[in-house]
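Following: one structure in structure tokens, then a few remarks.
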2 protein chains.
Amino acid sequence: MVKRLPKSFHCATEFTLFILGGKWKTVILCFLKERPCRYAELRKLLPKLSDKVLTERLHDLIDSGLVVRGRRGLGQAQEYRLTQRGRHLTGILRHLDAWGVENAPSFNVVVGTPLTDLDYERRRDGTGTRRA
Amino acid sequence: MVKRLPKSFHCATEFTLFILGGKWKTVILCFLKERPCRYAELRKLLPKLSDKVLTERLHDLIDSGLVVRGRRGLGQAQEYRLTQRGRHLTGILRHLDAWGVENAPSFNVVVGTPLTDLDYERRRDGTGTRRA
């Protein structure tokens, strides 16, 4: 369920976190900042999420005006991409991602790169990448 | 309740969000990145949180090793401050805050500056600021 955007927030960080909309929505946005993705791709990128939860989160992101679903052309598959409002978030999404990459070693944590891996597999298998 | 840090994450953003630990913990950390705060100050800075929830979130942040509670000297009040691990987060916390300040106008949203306001009131009332 999408909460209506209040007209004021007590502090700027609370506003930023409201717009990002929670953990899984933020992770979905982080993938979509790289390129548009089809539903089947998002399923692979987010193996922890059930179909039900992924579908709900995508509907919420569409309702918030951050993501749009559509085809790039006739005969193309449906895909999810950032709207102009969603692209407002690109800077902060890049920073969330970069902080994780940079700081994971100091926490003895390994972080994956599922979208890079997916595109690598595509190139290797000769099925082509779907860059935006 | 604090979740144990997994050894690996599917993507970097998921790791960053795990460390930040949810909305209210992130907002508390955003205040503490500016300066140590006493419990009574945090109560003023976070009027939406009940005593129970604020206390729980502070305990979680201490358990995660991001925040420590202590006195600066004999006769000084107890205050909460970032640990070295918590200071790892300063860059991302500043970015979350700056994004909110910069983008709120484009969403027709007003964001407050409660810590700045608190320190201004202190100076005005001549009770002194408690800068770190």
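Chain labels run A, B, ... following the order of the structure tokens; each chain numbers its residues from 1, and ligands are numbered from 1 in the order shown.
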
Using all C-alpha atoms paired in order, least-squares fit chain B onto chain A and give me the moved copy as a short mmCIF file (atom, residue, chain, number, x, y, z; two decimals) with N, CA and C atoms, in the first residue's frame.
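Output below, filename superposed_13.cif:
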data_model
loop_
_atom_site.label_atom_id
_atom_site.label_comp_id
_atom_site.auth_asym_id
_atom_site.auth_seq_id
_atom_site.Cartn_x
_atom_site.Cartn_y
_atom_site.Cartn_z
N MET B 1 0.82 -1.19 0.03
CA MET B 1 -0.01 0.01 0.01
C MET B 1 0.88 1.26 0.03
N VAL B 2 0.54 2.22 -0.82
CA VAL B 2 1.34 3.44 -0.89
C VAL B 2 0.74 4.48 0.04
N LYS B 3 1.61 5.07 0.89
CA LYS B 3 1.14 6.14 1.76
C LYS B 3 1.16 7.45 0.98
N ARG B 4 0.19 8.30 1.22
CA ARG B 4 0.12 9.60 0.55
C ARG B 4 1.31 10.44 1.03
N LEU B 5 1.88 11.23 0.10
CA LEU B 5 3.04 12.06 0.46
C LEU B 5 2.59 13.21 1.36
N PRO B 6 3.08 13.25 2.62
CA PRO B 6 2.72 14.39 3.48
C PRO B 6 3.32 15.69 2.92
N LYS B 7 2.77 16.83 3.35
CA LYS B 7 3.27 18.12 2.84
C LYS B 7 4.53 18.56 3.57
N SER B 8 4.76 18.01 4.76
CA SER B 8 5.97 18.39 5.48
C SER B 8 6.52 17.19 6.25
N PHE B 9 7.83 17.22 6.45
CA PHE B 9 8.51 16.17 7.22
C PHE B 9 9.33 16.84 8.32
N HIS B 10 9.47 16.11 9.41
CA HIS B 10 10.18 16.67 10.56
C HIS B 10 11.66 16.89 10.23
N CYS B 11 12.23 16.02 9.41
CA CYS B 11 13.63 16.23 9.00
C CYS B 11 13.83 15.66 7.59
N ALA B 12 14.91 16.09 6.95
CA ALA B 12 15.16 15.76 5.54
C ALA B 12 15.37 14.26 5.33
N THR B 13 16.04 13.61 6.27
CA THR B 13 16.32 12.18 6.13
C THR B 13 15.02 11.37 6.14
N GLU B 14 14.07 11.78 6.98
CA GLU B 14 12.78 11.10 7.04
C GLU B 14 12.08 11.20 5.68
N PHE B 15 12.16 12.37 5.05
CA PHE B 15 11.58 12.56 3.72
C PHE B 15 12.25 11.64 2.69
N THR B 16 13.58 11.63 2.67
CA THR B 16 14.31 10.78 1.72
C THR B 16 13.90 9.32 1.87
N LEU B 17 13.81 8.85 3.13
CA LEU B 17 13.46 7.45 3.38
C LEU B 17 12.01 7.16 2.99
N PHE B 18 11.13 8.15 3.15
CA PHE B 18 9.73 7.98 2.73
C PHE B 18 9.67 7.78 1.22
N ILE B 19 10.43 8.59 0.47
CA ILE B 19 10.41 8.51 -0.99
C ILE B 19 11.01 7.17 -1.45
N LEU B 20 12.11 6.76 -0.80
CA LEU B 20 12.71 5.47 -1.18
C LEU B 20 11.74 4.32 -0.91
N GLY B 21 10.96 4.42 0.17
CA GLY B 21 9.81 3.52 0.37
C GLY B 21 10.13 2.15 0.94
N GLY B 22 11.20 2.02 1.68
CA GLY B 22 11.46 0.73 2.34
C GLY B 22 12.50 -0.08 1.59
N LYS B 23 12.94 -1.15 2.26
CA LYS B 23 14.10 -1.93 1.80
C LYS B 23 13.95 -2.49 0.38
N TRP B 24 12.89 -3.27 0.14
CA TRP B 24 12.82 -3.96 -1.15
C TRP B 24 12.54 -3.02 -2.31
N LYS B 25 11.73 -1.99 -2.04
CA LYS B 25 11.49 -1.01 -3.11
C LYS B 25 12.80 -0.32 -3.48
N THR B 26 13.61 -0.01 -2.47
CA THR B 26 14.89 0.65 -2.73
C THR B 26 15.80 -0.26 -3.55
N VAL B 27 15.83 -1.55 -3.22
CA VAL B 27 16.67 -2.49 -3.97
C VAL B 27 16.18 -2.60 -5.42
N ILE B 28 14.85 -2.67 -5.61
CA ILE B 28 14.30 -2.71 -6.98
C ILE B 28 14.72 -1.44 -7.75
N LEU B 29 14.57 -0.28 -7.10
CA LEU B 29 14.95 0.98 -7.75
C LEU B 29 16.43 0.99 -8.11
N CYS B 30 17.25 0.37 -7.25
CA CYS B 30 18.70 0.32 -7.51
C CYS B 30 19.00 -0.46 -8.79
N PHE B 31 18.25 -1.51 -9.06
CA PHE B 31 18.44 -2.24 -10.32
C PHE B 31 17.94 -1.40 -11.49
N LEU B 32 16.77 -0.79 -11.32
CA LEU B 32 16.16 -0.04 -12.44
C LEU B 32 16.93 1.23 -12.78
N LYS B 33 17.73 1.72 -11.83
CA LYS B 33 18.56 2.90 -12.16
C LYS B 33 19.60 2.52 -13.21
N GLU B 34 19.96 1.23 -13.29
CA GLU B 34 20.98 0.78 -14.25
C GLU B 34 20.40 0.62 -15.65
N ARG B 35 19.19 0.04 -15.70
CA ARG B 35 18.53 -0.17 -17.00
C ARG B 35 17.11 -0.69 -16.76
N PRO B 36 16.21 -0.55 -17.76
CA PRO B 36 14.87 -1.14 -17.61
C PRO B 36 14.99 -2.66 -17.47
N CYS B 37 14.10 -3.26 -16.71
CA CYS B 37 14.14 -4.72 -16.49
C CYS B 37 12.75 -5.30 -16.72
N ARG B 38 12.75 -6.51 -17.29
CA ARG B 38 11.50 -7.25 -17.42
C ARG B 38 11.18 -7.93 -16.08
N TYR B 39 9.92 -8.33 -15.92
CA TYR B 39 9.51 -8.96 -14.66
C TYR B 39 10.36 -10.21 -14.37
N ALA B 40 10.58 -11.02 -15.41
CA ALA B 40 11.35 -12.26 -15.22
C ALA B 40 12.78 -11.94 -14.77
N GLU B 41 13.33 -10.82 -15.25
CA GLU B 41 14.68 -10.43 -14.82
C GLU B 41 14.66 -10.04 -13.34
N LEU B 42 13.66 -9.26 -12.96
CA LEU B 42 13.57 -8.85 -11.55
C LEU B 42 13.40 -10.06 -10.63
N ARG B 43 12.68 -11.07 -11.09
CA ARG B 43 12.53 -12.31 -10.31
C ARG B 43 13.90 -12.94 -10.08
N LYS B 44 14.74 -12.95 -11.11
CA LYS B 44 16.09 -13.52 -10.96
C LYS B 44 16.96 -12.65 -10.05
N LEU B 45 16.79 -11.33 -10.16
CA LEU B 45 17.62 -10.40 -9.40
C LEU B 45 17.25 -10.38 -7.92
N LEU B 46 16.01 -10.78 -7.62
CA LEU B 46 15.51 -10.71 -6.24
C LEU B 46 14.98 -12.08 -5.80
N PRO B 47 15.84 -13.08 -5.73
CA PRO B 47 15.37 -14.44 -5.46
C PRO B 47 14.73 -14.60 -4.08
N LYS B 48 15.01 -13.66 -3.16
CA LYS B 48 14.43 -13.78 -1.82
C LYS B 48 12.95 -13.40 -1.81
N LEU B 49 12.51 -12.64 -2.81
CA LEU B 49 11.13 -12.16 -2.84
C LEU B 49 10.21 -13.16 -3.53
N SER B 50 9.04 -13.36 -2.95
CA SER B 50 8.03 -14.20 -3.60
C SER B 50 7.41 -13.40 -4.74
N ASP B 51 6.75 -14.10 -5.67
CA ASP B 51 6.02 -13.42 -6.74
C ASP B 51 5.05 -12.39 -6.17
N LYS B 52 4.35 -12.80 -5.11
CA LYS B 52 3.33 -11.93 -4.52
C LYS B 52 3.95 -10.61 -4.04
N VAL B 53 5.06 -10.73 -3.30
CA VAL B 53 5.67 -9.53 -2.72
C VAL B 53 6.29 -8.67 -3.82
N LEU B 54 6.97 -9.30 -4.78
CA LEU B 54 7.57 -8.52 -5.87
C LEU B 54 6.49 -7.75 -6.64
N THR B 55 5.38 -8.43 -6.94
CA THR B 55 4.29 -7.78 -7.67
C THR B 55 3.73 -6.60 -6.87
N GLU B 56 3.54 -6.81 -5.56
CA GLU B 56 3.02 -5.73 -4.71
C GLU B 56 3.97 -4.53 -4.70
N ARG B 57 5.25 -4.80 -4.55
CA ARG B 57 6.23 -3.71 -4.48
C ARG B 57 6.28 -2.94 -5.80
N LEU B 58 6.18 -3.67 -6.92
CA LEU B 58 6.19 -3.01 -8.23
C LEU B 58 4.93 -2.15 -8.40
N HIS B 59 3.78 -2.67 -7.96
CA HIS B 59 2.54 -1.87 -8.03
C HIS B 59 2.68 -0.60 -7.20
N ASP B 60 3.26 -0.74 -6.01
CA ASP B 60 3.46 0.44 -5.14
C ASP B 60 4.34 1.47 -5.83
N LEU B 61 5.44 0.98 -6.46
CA LEU B 61 6.37 1.91 -7.11
C LEU B 61 5.69 2.62 -8.29
N ILE B 62 4.80 1.91 -8.99
CA ILE B 62 4.05 2.53 -10.09
C ILE B 62 3.06 3.55 -9.52
N ASP B 63 2.36 3.17 -8.44
CA ASP B 63 1.39 4.09 -7.81
C ASP B 63 2.08 5.36 -7.30
N SER B 64 3.34 5.22 -6.83
CA SER B 64 4.07 6.39 -6.33
C SER B 64 4.62 7.24 -7.47
N GLY B 65 4.47 6.78 -8.70
CA GLY B 65 4.97 7.56 -9.83
C GLY B 65 6.48 7.47 -10.01
N LEU B 66 7.11 6.45 -9.39
CA LEU B 66 8.57 6.32 -9.51
C LEU B 66 8.94 5.38 -10.66
N VAL B 67 8.04 4.47 -10.99
CA VAL B 67 8.32 3.43 -12.00
C VAL B 67 7.14 3.37 -12.96
N VAL B 68 7.42 3.04 -14.22
CA VAL B 68 6.37 2.85 -15.20
C VAL B 68 6.59 1.51 -15.90
N ARG B 69 5.50 0.88 -16.34
CA ARG B 69 5.59 -0.40 -17.04
C ARG B 69 5.15 -0.16 -18.47
N GLY B 70 5.92 -0.65 -19.42
CA GLY B 70 5.53 -0.47 -20.82
C GLY B 70 6.48 -1.18 -21.76
N ARG B 71 6.16 -1.10 -23.05
CA ARG B 71 6.99 -1.74 -24.07
C ARG B 71 7.79 -0.65 -24.79
N ARG B 72 9.02 -1.00 -25.17
CA ARG B 72 9.83 -0.03 -25.90
C ARG B 72 9.35 0.09 -27.35
N GLY B 73 8.74 -0.97 -27.86
CA GLY B 73 8.25 -0.92 -29.24
C GLY B 73 7.34 -2.11 -29.49
N LEU B 74 6.76 -2.14 -30.66
CA LEU B 74 5.86 -3.25 -31.03
C LEU B 74 6.62 -4.58 -30.96
N GLY B 75 6.02 -5.59 -30.36
CA GLY B 75 6.65 -6.90 -30.29
C GLY B 75 7.70 -7.02 -29.19
N GLN B 76 7.98 -5.92 -28.49
CA GLN B 76 8.95 -5.96 -27.39
C GLN B 76 8.23 -6.40 -26.12
N ALA B 77 9.02 -6.98 -25.19
CA ALA B 77 8.42 -7.42 -23.92
C ALA B 77 8.11 -6.21 -23.04
N GLN B 78 7.15 -6.39 -22.14
CA GLN B 78 6.86 -5.37 -21.13
C GLN B 78 8.08 -5.24 -20.21
N GLU B 79 8.42 -4.02 -19.84
CA GLU B 79 9.50 -3.85 -18.87
C GLU B 79 9.21 -2.69 -17.94
N TYR B 80 9.90 -2.72 -16.81
CA TYR B 80 9.73 -1.67 -15.80
C TYR B 80 10.92 -0.72 -15.91
N ARG B 81 10.61 0.59 -15.88
CA ARG B 81 11.70 1.57 -15.93
C ARG B 81 11.38 2.74 -15.00
N LEU B 82 12.42 3.51 -14.66
CA LEU B 82 12.21 4.68 -13.81
C LEU B 82 11.48 5.78 -14.60
N THR B 83 10.57 6.47 -13.93
CA THR B 83 9.97 7.68 -14.50
C THR B 83 10.93 8.84 -14.23
N GLN B 84 10.53 10.03 -14.67
CA GLN B 84 11.35 11.21 -14.38
C GLN B 84 11.47 11.39 -12.85
N ARG B 85 10.35 11.20 -12.15
CA ARG B 85 10.39 11.31 -10.68
C ARG B 85 11.33 10.25 -10.10
N GLY B 86 11.29 9.05 -10.65
CA GLY B 86 12.18 7.99 -10.18
C GLY B 86 13.64 8.33 -10.44
N ARG B 87 13.88 8.99 -11.59
CA ARG B 87 15.27 9.35 -11.91
C ARG B 87 15.83 10.43 -10.99
N HIS B 88 14.94 11.19 -10.33
CA HIS B 88 15.37 12.12 -9.26
C HIS B 88 16.23 11.39 -8.23
N LEU B 89 15.94 10.08 -8.06
CA LEU B 89 16.57 9.29 -6.99
C LEU B 89 17.92 8.72 -7.38
N THR B 90 18.30 8.86 -8.67
CA THR B 90 19.49 8.16 -9.15
C THR B 90 20.73 8.44 -8.29
N GLY B 91 20.93 9.71 -7.92
CA GLY B 91 22.12 10.08 -7.13
C GLY B 91 22.18 9.32 -5.82
N ILE B 92 21.07 9.33 -5.09
CA ILE B 92 21.06 8.68 -3.77
C ILE B 92 21.15 7.15 -3.93
N LEU B 93 20.54 6.61 -4.99
CA LEU B 93 20.61 5.16 -5.22
C LEU B 93 22.05 4.74 -5.53
N ARG B 94 22.73 5.54 -6.34
CA ARG B 94 24.14 5.24 -6.64
C ARG B 94 24.98 5.28 -5.36
N HIS B 95 24.66 6.25 -4.49
CA HIS B 95 25.44 6.39 -3.26
C HIS B 95 25.19 5.20 -2.32
N LEU B 96 23.95 4.74 -2.22
CA LEU B 96 23.63 3.56 -1.38
C LEU B 96 24.40 2.33 -1.86
N ASP B 97 24.45 2.18 -3.18
CA ASP B 97 25.14 1.06 -3.79
C ASP B 97 26.65 1.18 -3.56
N ALA B 98 27.20 2.38 -3.84
CA ALA B 98 28.65 2.58 -3.73
C ALA B 98 29.12 2.41 -2.29
N TRP B 99 28.30 2.88 -1.33
CA TRP B 99 28.68 2.73 0.08
C TRP B 99 28.82 1.24 0.44
N GLY B 100 27.85 0.45 -0.05
CA GLY B 100 27.88 -0.99 0.24
C GLY B 100 29.12 -1.65 -0.34
N VAL B 101 29.43 -1.32 -1.60
CA VAL B 101 30.59 -1.91 -2.27
C VAL B 101 31.88 -1.53 -1.52
N GLU B 102 31.96 -0.25 -1.15
CA GLU B 102 33.18 0.26 -0.53
C GLU B 102 33.39 -0.27 0.89
N ASN B 103 32.29 -0.39 1.63
CA ASN B 103 32.42 -0.71 3.07
C ASN B 103 32.25 -2.18 3.43
N ALA B 104 31.74 -2.99 2.51
CA ALA B 104 31.52 -4.40 2.84
C ALA B 104 32.79 -5.08 3.37
N PRO B 105 33.98 -4.85 2.74
CA PRO B 105 35.19 -5.54 3.24
C PRO B 105 35.49 -5.22 4.70
N SER B 106 35.23 -3.98 5.14
CA SER B 106 35.55 -3.63 6.53
C SER B 106 34.58 -4.30 7.50
N PHE B 107 33.47 -4.84 7.01
CA PHE B 107 32.52 -5.59 7.85
C PHE B 107 32.69 -7.11 7.61
N ASN B 108 33.73 -7.48 6.82
CA ASN B 108 33.94 -8.89 6.45
C ASN B 108 32.72 -9.49 5.76
N VAL B 109 32.12 -8.68 4.88
CA VAL B 109 30.91 -9.09 4.18
C VAL B 109 31.21 -9.10 2.68
N VAL B 110 30.63 -10.10 1.99
CA VAL B 110 30.75 -10.18 0.54
C VAL B 110 29.43 -9.74 -0.08
N VAL B 111 29.49 -8.82 -1.05
CA VAL B 111 28.25 -8.41 -1.73
C VAL B 111 28.29 -8.83 -3.19
N GLY B 112 27.15 -9.31 -3.68
CA GLY B 112 27.04 -9.78 -5.06
C GLY B 112 26.75 -8.64 -6.03
N THR B 113 26.81 -8.96 -7.31
CA THR B 113 26.49 -8.00 -8.38
C THR B 113 25.55 -8.70 -9.35
N PRO B 114 24.30 -8.96 -8.93
CA PRO B 114 23.42 -9.82 -9.72
C PRO B 114 23.09 -9.28 -11.12
N LEU B 115 22.96 -7.97 -11.27
CA LEU B 115 22.60 -7.43 -12.59
C LEU B 115 23.78 -7.56 -13.56
N THR B 116 24.98 -7.27 -13.05
CA THR B 116 26.19 -7.44 -13.87
C THR B 116 26.33 -8.91 -14.27
N ASP B 117 26.08 -9.82 -13.32
CA ASP B 117 26.18 -11.26 -13.60
C ASP B 117 25.17 -11.68 -14.67
N LEU B 118 23.95 -11.14 -14.55
CA LEU B 118 22.89 -11.49 -15.50
C LEU B 118 23.29 -11.04 -16.92
N ASP B 119 23.80 -9.82 -17.02
CA ASP B 119 24.19 -9.30 -18.34
C ASP B 119 25.39 -10.05 -18.90
N TYR B 120 26.31 -10.46 -17.99
CA TYR B 120 27.47 -11.23 -18.42
C TYR B 120 27.02 -12.58 -19.00
N GLU B 121 26.08 -13.25 -18.30
CA GLU B 121 25.56 -14.54 -18.78
C GLU B 121 24.92 -14.39 -20.15
N ARG B 122 24.17 -13.31 -20.32
CA ARG B 122 23.50 -13.05 -21.60
C ARG B 122 24.52 -12.93 -22.74
N ARG B 123 25.58 -12.13 -22.47
CA ARG B 123 26.60 -11.93 -23.51
C ARG B 123 27.30 -13.25 -23.83
N ARG B 124 27.60 -13.99 -22.75
CA ARG B 124 28.30 -15.27 -22.91
C ARG B 124 27.44 -16.26 -23.72
N ASP B 125 26.13 -16.27 -23.44
CA ASP B 125 25.23 -17.19 -24.12
C ASP B 125 24.77 -16.67 -25.47
N GLY B 126 25.22 -15.44 -25.79
CA GLY B 126 24.90 -14.87 -27.11
C GLY B 126 23.44 -14.49 -27.27
N THR B 127 22.75 -14.28 -26.12
CA THR B 127 21.35 -13.89 -26.23
C THR B 127 21.19 -12.37 -26.23
N GLY B 128 22.33 -11.67 -26.13
CA GLY B 128 22.30 -10.20 -26.24
C GLY B 128 21.90 -9.55 -24.93
N THR B 129 22.42 -8.35 -24.69
CA THR B 129 22.01 -7.60 -23.52
C THR B 129 20.90 -6.67 -23.94
N ARG B 130 20.18 -6.19 -22.97
CA ARG B 130 19.06 -5.29 -23.25
C ARG B 130 19.33 -3.94 -22.60
N ARG B 131 20.42 -3.31 -22.98
CA ARG B 131 20.78 -2.02 -22.38
C ARG B 131 19.74 -0.98 -22.76
N ALA B 132 19.52 -0.05 -21.84
CA ALA B 132 18.57 1.04 -22.14
C ALA B 132 19.19 1.96 -23.19
#

If you run DSSP over the backbone, which residues in stretch 32-115 of chain A end up strand (DSSP E or B)? Put them as a PDB file with all heavy atoms, in the first residue's frame.
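For reference, out-v6.pdb as written:
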ATOM      1  N   CYS A  37      14.096  -3.239 -16.713  1.00  0.00           N
ATOM      2  CA  CYS A  37      14.124  -4.693 -16.500  1.00  0.00           C
ATOM      3  C   CYS A  37      12.751  -5.287 -16.738  1.00  0.00           C
ATOM      4  O   CYS A  37      11.737  -4.686 -16.371  1.00  0.00           O
ATOM      5  CB  CYS A  37      14.530  -5.025 -15.063  1.00  0.00           C
ATOM      6  SG  CYS A  37      16.233  -4.633 -14.661  1.00  0.00           S
ATOM      7  N   VAL A  67       8.038   4.471 -10.989  1.00  0.00           N
ATOM      8  CA  VAL A  67       8.310   3.431 -11.993  1.00  0.00           C
ATOM      9  C   VAL A  67       7.134   3.372 -12.953  1.00  0.00           C
ATOM     10  O   VAL A  67       5.989   3.644 -12.560  1.00  0.00           O
ATOM     11  CB  VAL A  67       8.524   2.062 -11.279  1.00  0.00           C
ATOM     12  CG1 VAL A  67       8.506   0.902 -12.277  1.00  0.00           C
ATOM     13  CG2 VAL A  67       9.829   2.058 -10.489  1.00  0.00           C
ATOM     14  N   VAL A  68       7.423   3.044 -14.209  1.00  0.00           N
ATOM     15  CA  VAL A  68       6.362   2.862 -15.199  1.00  0.00           C
ATOM     16  C   VAL A  68       6.586   1.515 -15.887  1.00  0.00           C
ATOM     17  O   VAL A  68       7.726   1.047 -15.989  1.00  0.00           O
ATOM     18  CB  VAL A  68       6.328   4.046 -16.196  1.00  0.00           C
ATOM     19  CG1 VAL A  68       7.551   4.043 -17.114  1.00  0.00           C
ATOM     20  CG2 VAL A  68       5.057   4.051 -17.021  1.00  0.00           C
ATOM     21  N   ARG A  69       5.493   0.888 -16.327  1.00  0.00           N
ATOM     22  CA  ARG A  69       5.582  -0.395 -17.029  1.00  0.00           C
ATOM     23  C   ARG A  69       5.141  -0.155 -18.463  1.00  0.00           C
ATOM     24  O   ARG A  69       4.122   0.493 -18.701  1.00  0.00           O
ATOM     25  CB  ARG A  69       4.659  -1.417 -16.350  1.00  0.00           C
ATOM     26  CG  ARG A  69       4.676  -2.803 -16.967  1.00  0.00           C
ATOM     27  CD  ARG A  69       3.938  -3.766 -16.042  1.00  0.00           C
ATOM     28  NE  ARG A  69       3.821  -5.107 -16.624  1.00  0.00           N
ATOM     29  CZ  ARG A  69       2.764  -5.541 -17.297  1.00  0.00           C
ATOM     30  NH1 ARG A  69       1.717  -4.763 -17.473  1.00  0.00           N
ATOM     31  NH2 ARG A  69       2.746  -6.770 -17.797  1.00  0.00           N
ATOM     32  N   GLY A  70       5.924  -0.648 -19.408  1.00  0.00           N
ATOM     33  CA  GLY A  70       5.526  -0.457 -20.800  1.00  0.00           C
ATOM     34  C   GLY A  70       6.473  -1.173 -21.744  1.00  0.00           C
ATOM     35  O   GLY A  70       7.457  -1.769 -21.314  1.00  0.00           O
ATOM     36  N   ARG A  71       6.141  -1.104 -23.037  1.00  0.00           N
ATOM     37  CA  ARG A  71       6.983  -1.737 -24.061  1.00  0.00           C
ATOM     38  C   ARG A  71       7.772  -0.659 -24.780  1.00  0.00           C
ATOM     39  O   ARG A  71       7.268   0.433 -25.012  1.00  0.00           O
ATOM     40  CB  ARG A  71       6.105  -2.430 -25.106  1.00  0.00           C
ATOM     41  CG  ARG A  71       5.254  -3.551 -24.565  1.00  0.00           C
ATOM     42  CD  ARG A  71       4.356  -4.107 -25.690  1.00  0.00           C
ATOM     43  NE  ARG A  71       3.199  -4.791 -25.113  1.00  0.00           N
ATOM     44  CZ  ARG A  71       3.196  -6.064 -24.726  1.00  0.00           C
ATOM     45  NH1 ARG A  71       4.285  -6.785 -24.853  1.00  0.00           N
ATOM     46  NH2 ARG A  71       2.122  -6.617 -24.212  1.00  0.00           N
ATOM     47  N   GLN A  78       7.136  -6.395 -22.135  1.00  0.00           N
ATOM     48  CA  GLN A  78       6.850  -5.364 -21.129  1.00  0.00           C
ATOM     49  C   GLN A  78       8.059  -5.230 -20.217  1.00  0.00           C
ATOM     50  O   GLN A  78       8.681  -6.234 -19.857  1.00  0.00           O
ATOM     51  CB  GLN A  78       5.663  -5.805 -20.263  1.00  0.00           C
ATOM     52  CG  GLN A  78       4.330  -5.822 -20.969  1.00  0.00           C
ATOM     53  CD  GLN A  78       3.664  -4.447 -20.978  1.00  0.00           C
ATOM     54  OE1 GLN A  78       4.240  -3.443 -20.544  1.00  0.00           O
ATOM     55  NE2 GLN A  78       2.465  -4.389 -21.515  1.00  0.00           N
ATOM     56  N   GLU A  79       8.403  -4.021 -19.855  1.00  0.00           N
ATOM     57  CA  GLU A  79       9.488  -3.854 -18.880  1.00  0.00           C
ATOM     58  C   GLU A  79       9.186  -2.685 -17.952  1.00  0.00           C
ATOM     59  O   GLU A  79       8.349  -1.837 -18.244  1.00  0.00           O
ATOM     60  CB  GLU A  79      10.848  -3.698 -19.578  1.00  0.00           C
ATOM     61  CG  GLU A  79      10.910  -2.595 -20.572  1.00  0.00           C
ATOM     62  CD  GLU A  79      12.185  -2.599 -21.402  1.00  0.00           C
ATOM     63  OE1 GLU A  79      12.935  -3.600 -21.380  1.00  0.00           O
ATOM     64  OE2 GLU A  79      12.440  -1.590 -22.067  1.00  0.00           O
ATOM     65  N   TYR A  80       9.877  -2.704 -16.819  1.00  0.00           N
ATOM     66  CA  TYR A  80       9.717  -1.667 -15.798  1.00  0.00           C
ATOM     67  C   TYR A  80      10.892  -0.709 -15.918  1.00  0.00           C
ATOM     68  O   TYR A  80      12.041  -1.134 -16.066  1.00  0.00           O
ATOM     69  CB  TYR A  80       9.696  -2.300 -14.400  1.00  0.00           C
ATOM     70  CG  TYR A  80       8.517  -3.209 -14.199  1.00  0.00           C
ATOM     71  CD1 TYR A  80       8.583  -4.557 -14.566  1.00  0.00           C
ATOM     72  CD2 TYR A  80       7.326  -2.719 -13.678  1.00  0.00           C
ATOM     73  CE1 TYR A  80       7.482  -5.389 -14.411  1.00  0.00           C
ATOM     74  CE2 TYR A  80       6.224  -3.551 -13.522  1.00  0.00           C
ATOM     75  CZ  TYR A  80       6.312  -4.876 -13.883  1.00  0.00           C
ATOM     76  OH  TYR A  80       5.219  -5.697 -13.733  1.00  0.00           O
ATOM     77  N   ARG A  81      10.605   0.581 -15.875  1.00  0.00           N
ATOM     78  CA  ARG A  81      11.695   1.569 -15.931  1.00  0.00           C
ATOM     79  C   ARG A  81      11.367   2.742 -15.018  1.00  0.00           C
ATOM     80  O   ARG A  81      10.201   2.940 -14.646  1.00  0.00           O
ATOM     81  CB  ARG A  81      11.922   2.063 -17.363  1.00  0.00           C
ATOM     82  CG  ARG A  81      10.784   2.879 -17.940  1.00  0.00           C
ATOM     83  CD  ARG A  81      11.206   3.540 -19.251  1.00  0.00           C
ATOM     84  NE  ARG A  81      11.430   2.536 -20.283  1.00  0.00           N
ATOM     85  CZ  ARG A  81      10.494   2.090 -21.121  1.00  0.00           C
ATOM     86  NH1 ARG A  81       9.263   2.572 -21.051  1.00  0.00           N
ATOM     87  NH2 ARG A  81      10.765   1.191 -22.023  1.00  0.00           N
ATOM     88  N   LEU A  82      12.401   3.514 -14.656  1.00  0.00           N
ATOM     89  CA  LEU A  82      12.199   4.693 -13.812  1.00  0.00           C
ATOM     90  C   LEU A  82      11.479   5.776 -14.590  1.00  0.00           C
ATOM     91  O   LEU A  82      11.765   6.004 -15.762  1.00  0.00           O
ATOM     92  CB  LEU A  82      13.542   5.251 -13.316  1.00  0.00           C
ATOM     93  CG  LEU A  82      14.408   4.373 -12.412  1.00  0.00           C
ATOM     94  CD1 LEU A  82      15.641   5.148 -11.940  1.00  0.00           C
ATOM     95  CD2 LEU A  82      13.613   3.884 -11.200  1.00  0.00           C
ATOM     96  N   VAL A 110      30.625 -10.087   1.980  1.00  0.00           N
ATOM     97  CA  VAL A 110      30.744 -10.173   0.523  1.00  0.00           C
ATOM     98  C   VAL A 110      29.412  -9.731  -0.082  1.00  0.00           C
ATOM     99  O   VAL A 110      28.358 -10.193   0.361  1.00  0.00           O
ATOM    100  CB  VAL A 110      31.061 -11.622   0.089  1.00  0.00           C
ATOM    101  CG1 VAL A 110      31.085 -11.744  -1.427  1.00  0.00           C
ATOM    102  CG2 VAL A 110      32.383 -12.078   0.692  1.00  0.00           C
ATOM    103  N   VAL A 111      29.480  -8.822  -1.063  1.00  0.00           N
ATOM    104  CA  VAL A 111      28.235  -8.402  -1.733  1.00  0.00           C
ATOM    105  C   VAL A 111      28.272  -8.830  -3.199  1.00  0.00           C
ATOM    106  O   VAL A 111      29.308  -8.732  -3.848  1.00  0.00           O
ATOM    107  CB  VAL A 111      27.986  -6.865  -1.629  1.00  0.00           C
ATOM    108  CG1 VAL A 111      27.684  -6.462  -0.197  1.00  0.00           C
ATOM    109  CG2 VAL A 111      29.136  -6.054  -2.189  1.00  0.00           C
TER     110      VAL A 111
END
